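Please read the structure below before turning to the comments.
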Amino acid sequence: MVDEDRQIKDRLLAELQERRQKIEQMGGREAVERQKKRGKLTARERIDQLLDKGTFCEIGRFAKSRSAAFGMDKVEVPADAVVTGYGKIDGRKVYIFSQDFTSIGGTLSEIHAKKICNIIDSALSAGCPIIGINDSGGARIQDGVDALSGYGRMFFRNTMCSGVIPQICVILGPCAGGAVYSPALMDFIFMVKGISHAFITGPRVVKAVMGQEISEEELGGATVVQSKSGVACRSENSEVDCLQSIRELLGYLPSSNREKPPRVDWGDESTRQDSTLFDIVPADPRKPYDMHRIIERVFDQRQDEKRNYFELFPTFATNIITCFARLNGWSVGIIANQPMSKAGCLDIDACDKASRFIRFCDAFNIPVVNLVDVPGYLPGTDQEWGGIIRHGAKMLYAYSEATVPKITLTIRKAYGGAYIGMCSKDLEADAVLCWPTTELAVMGPEGAAAIIFRKELAEADNAEELLQQKIKEYRAAFANPYRGAEHLHVDDIIDPAETRPRLIKALEQTLDKVAKRPDKKHGIIPT
C-alpha cells in the first residue's frame with residue numbers, strides 16, 4: 001500500500017516536472033534559435049539577466065488560452081506567450097512580465113492580457129515597481145475583441161498605477177498599433193538599437209495610405225523613437241546594456257509613492273569644494289559650455305569612477321538636461337539648461353520633456369534641483385504656431401503643482417519669462433542661489449538698451465556709440481544678481497567653489513517640508 005501510494009505521488013511529480021520543462025522550452029528549439037539569430041534573448045533569459053540571481057518566482061506558468069477559434073484549441077502556446085512573476089533588483093522586490101516572441105509571436109490573447117493585468121494588480125497592491133518587457137506581434141487575431149479588451153484593461157491599470165508605483169517598459173522587438181499605448185502610459189520606455197520598433201501604423205500601412213516607402217528602422221527604430229519623437233527615454237546598444245540601465249535607474253527611485261528614494265552613500269564628502277568649477281563657465285554670456293561638466297563635479301561622485309548621473313532622453317530636446325543624481329546620498333532630479341544646444345533656450349520639446357520629469361519627481365518624493373542658464377524661449381513661427389504658449393505653460397504648471405523640495409541655482413543668466421519658467425521664487429522654489437556671473441532681467445542688455453533708449457538713439461548722430469554706452473549702463477544695473485537679492489528674489493549669492501555644500505544644506509533643510517495645495521479632484525494641465 002505504501003509502495004502504491006509512493007508510485008502515485010512519483011507519477012504526479014514526474015508529470016509536474018515534464019509540464020514545467022515543456023513550458024520552459026517556450027516556443028521550441030527552432031523558434032528559440034530564430035530568436036537568437038536576430039540577436040535577441042528569450043523572454044526567460046531577459047528576466048534572469050535583469051533580476052538578482054535566483055530571486056525570480058513565476059506566477060501563472062500553466063496559463064492557457066481558452067480560444068478554440070480557427071484551430072487554436074490544437075495549438076500549444078506555453079504560458080500563453082508571456083512569463084509573469086516577481087523577484088528582486090539590488091535586494092528590492094519588483095514585479096515583471098516578459099512577452100515570449102518564440103510562442104506564436106508573443107501575441108496577446110485574453111488570458112495573456114489577464115496574466116499581465118494580474119501581475120500589475122499585485123505590484124500595485126504590494127507597492128512595488130512593475131517592469132514590462134514587450135516583444136509581441138500584437139493582438140492575437142483568433143481572439144478577436146477579447147484581445148482588444150485585454151489591451152483596454154491594461155491601459156486602465158497603467159493609468160491607475162500612474163504616480164503610485166514606478167512603471168518601466170522595455171521594448172525588445174516589435175510593438176505596433178494599440179500595443180504601443182501601454183508603454184506610452186508607463187513612466188519610462190527603454191529600447192535597443194537594431195531590434196526595437198514602435199509605431200502606430202507600420203511601413204506597409206504608410207505605403208498604402210501615403211505612398212511613402214520607409215523601413216521599420218526609419219519609421220520606429222530605437223534611435224528615431226528617442227531623438228525625433230521623444231517617446232523612448234533611452235536607446236541602448238544591446239539588451240544587456242538596456243537591462244543594466246534599468247537596474248541603475250531603479251536605484252534612484254522609491255518602490256512606491258509611499259516611500260522616499262533609498263539613500264546611498266558613494267563616499268563623497270558633503271563639504272567638498274571645487275575651486276576650478278568657475279573656470280568651466282565663460283564670462284561672456286553668449287559663449288557656450290557643457291552643463292554636464294557642472295553636474296559631474298557638483299553632485300556625488302562614485303568611487304568606482306562610473307558616471308554619477310543617469311540621464312533621460314539624452315538625444316531628445318538636448319537644450320535641456322533631465323537626469324537623476326545624488327546629493328550627499330539623497331536621490332535628486334536635475335533639470336538643467338544646456339548652453340551647447342540652442343543656447344539653452346526653452347522650446348516646445350524642452351518644456352514637454354521637463355514638465356513630465358518634474359511631475360514624475362513630485363509624484364515619487366524626489367527633490368528637484370534646477371541649474372539655470374537660460375536666455376529665454378526660442379523665437380520663430382515654428383514655435384509660435386506649434387503652441388509654445390501652451391507647452392511652456394505645462395512647465396509653469398508642473399513646478400507650481402510640485403510639493404517636493406525645489407532648489408534653483410542660476411549659473412549665468414535667466415531672462416524674461418524663462419527666468420520664471422525655470423522655477424523662480426515665485427513658483428515656490430524653496431531655495432534660490434546664484435553665482436556672481438548671474439544676470440536676472442526681462443531681457444539681455446543689448447535688446448533692453450535698444451528698446452529703452454530707442455528715442456535717444458533715433459535722434460543721436462553717434463547712435464552706435466551711444467547704444468554701447470547704454471548697454472553698459474543697463475548691464476551695470478541689471479546684469480548681476482544683487483538687485484534680485486536685495487528684493488528677496490534670491491536667497492544668497494555664492495562662491496561657485498561652495499556650490500556642492502550649499503546645495504546640500506539647502507536640500508537637507510527642506511527634505512521634511514510640508515506644502516499644502518487647495519482641495520480638488522485634480523487640476524487641468526495645459527495640453
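In the C-alpha cells, the first chain shown is A, the next is B, and so on; residue numbers restart at 1 for each chain, and ligands run from 1 in the order shown.
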Taking the backbone alone, and naming residues the way the document does, which bits of stretch 42-221 of chain A are strand (DSSP E or B) by DSSP, as a ChimeraX atom specification? /A:57-59,82-89,92-99,108,130-134,139,167-171,174-176,188-192,197-199,221
How close does stretch 34-86 of chain A get to stretch 240-259 of chain A? List, as JSON lines, each residue of stretch 34-86 of chain A within 12 Å, its nearest atom pair and the distance in Å to one decimal, counting only C-alpha atoms.
```
{"residue": "A:Gly39", "atom": "CA", "partner": "A:Val240", "partner_atom": "CA", "distance": 11.2}
{"residue": "A:Lys40", "atom": "CA", "partner": "A:Val240", "partner_atom": "CA", "distance": 10.0}
{"residue": "A:Leu41", "atom": "CA", "partner": "A:Val240", "partner_atom": "CA", "distance": 9.1}
{"residue": "A:Glu45", "atom": "CA", "partner": "A:Val240", "partner_atom": "CA", "distance": 10.3}
{"residue": "A:Arg46", "atom": "CA", "partner": "A:Leu243", "partner_atom": "CA", "distance": 7.8}
{"residue": "A:Ile47", "atom": "CA", "partner": "A:Leu243", "partner_atom": "CA", "distance": 9.1}
{"residue": "A:Asp48", "atom": "CA", "partner": "A:Leu243", "partner_atom": "CA", "distance": 10.2}
{"residue": "A:Gln49", "atom": "CA", "partner": "A:Leu243", "partner_atom": "CA", "distance": 7.1}
{"residue": "A:Leu50", "atom": "CA", "partner": "A:Leu243", "partner_atom": "CA", "distance": 5.5}
{"residue": "A:Leu51", "atom": "CA", "partner": "A:Arg247", "partner_atom": "CA", "distance": 8.4}
{"residue": "A:Asp52", "atom": "CA", "partner": "A:Arg247", "partner_atom": "CA", "distance": 9.8}
```
Within 8 Å of A:Cys117, counting only C-alpha atoms, which residues qualify if same-chain residues fewer than 5 places away don't, as a ChimeraX atom specification? /A:153-154,157
Store the residues of this selection in a file with C-alpha atoms, as a PDB file, in the first residue's frame.
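Written out: selection-v9.pdb:
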```pdb
ATOM      1  CA  ARG A 153      -7.789  46.535 -19.247  1.00  0.00           C
ATOM      2  CA  MET A 154      -4.019  47.014 -19.340  1.00  0.00           C
ATOM      3  CA  ARG A 157      -4.306  49.614 -14.891  1.00  0.00           C
TER       4      ARG A 157
END
```
Contacts of A:Gly54 at 12 Å (only C-alpha atoms; same-chain gap of 6+ positions) as a list in words: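 The neighbour list is Ile47, Asp48, Tyr86, Gly87, Lys88, Ile89 and Gly91 of chain A.
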Counting only C-alpha atoms, which of A:Arg286, A:Lys36, A:His487, A:Arg20 gets nearest to A:Ala79? A:Arg20
Figure out the distance between atom CA of A:Glu459 and atom CA of A:Pro445, please, to one decimal in Å.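 Taking atom CA of A:Pro445 as the start and atom CA of A:Glu459 as the end point, the length is 20.4 Å.
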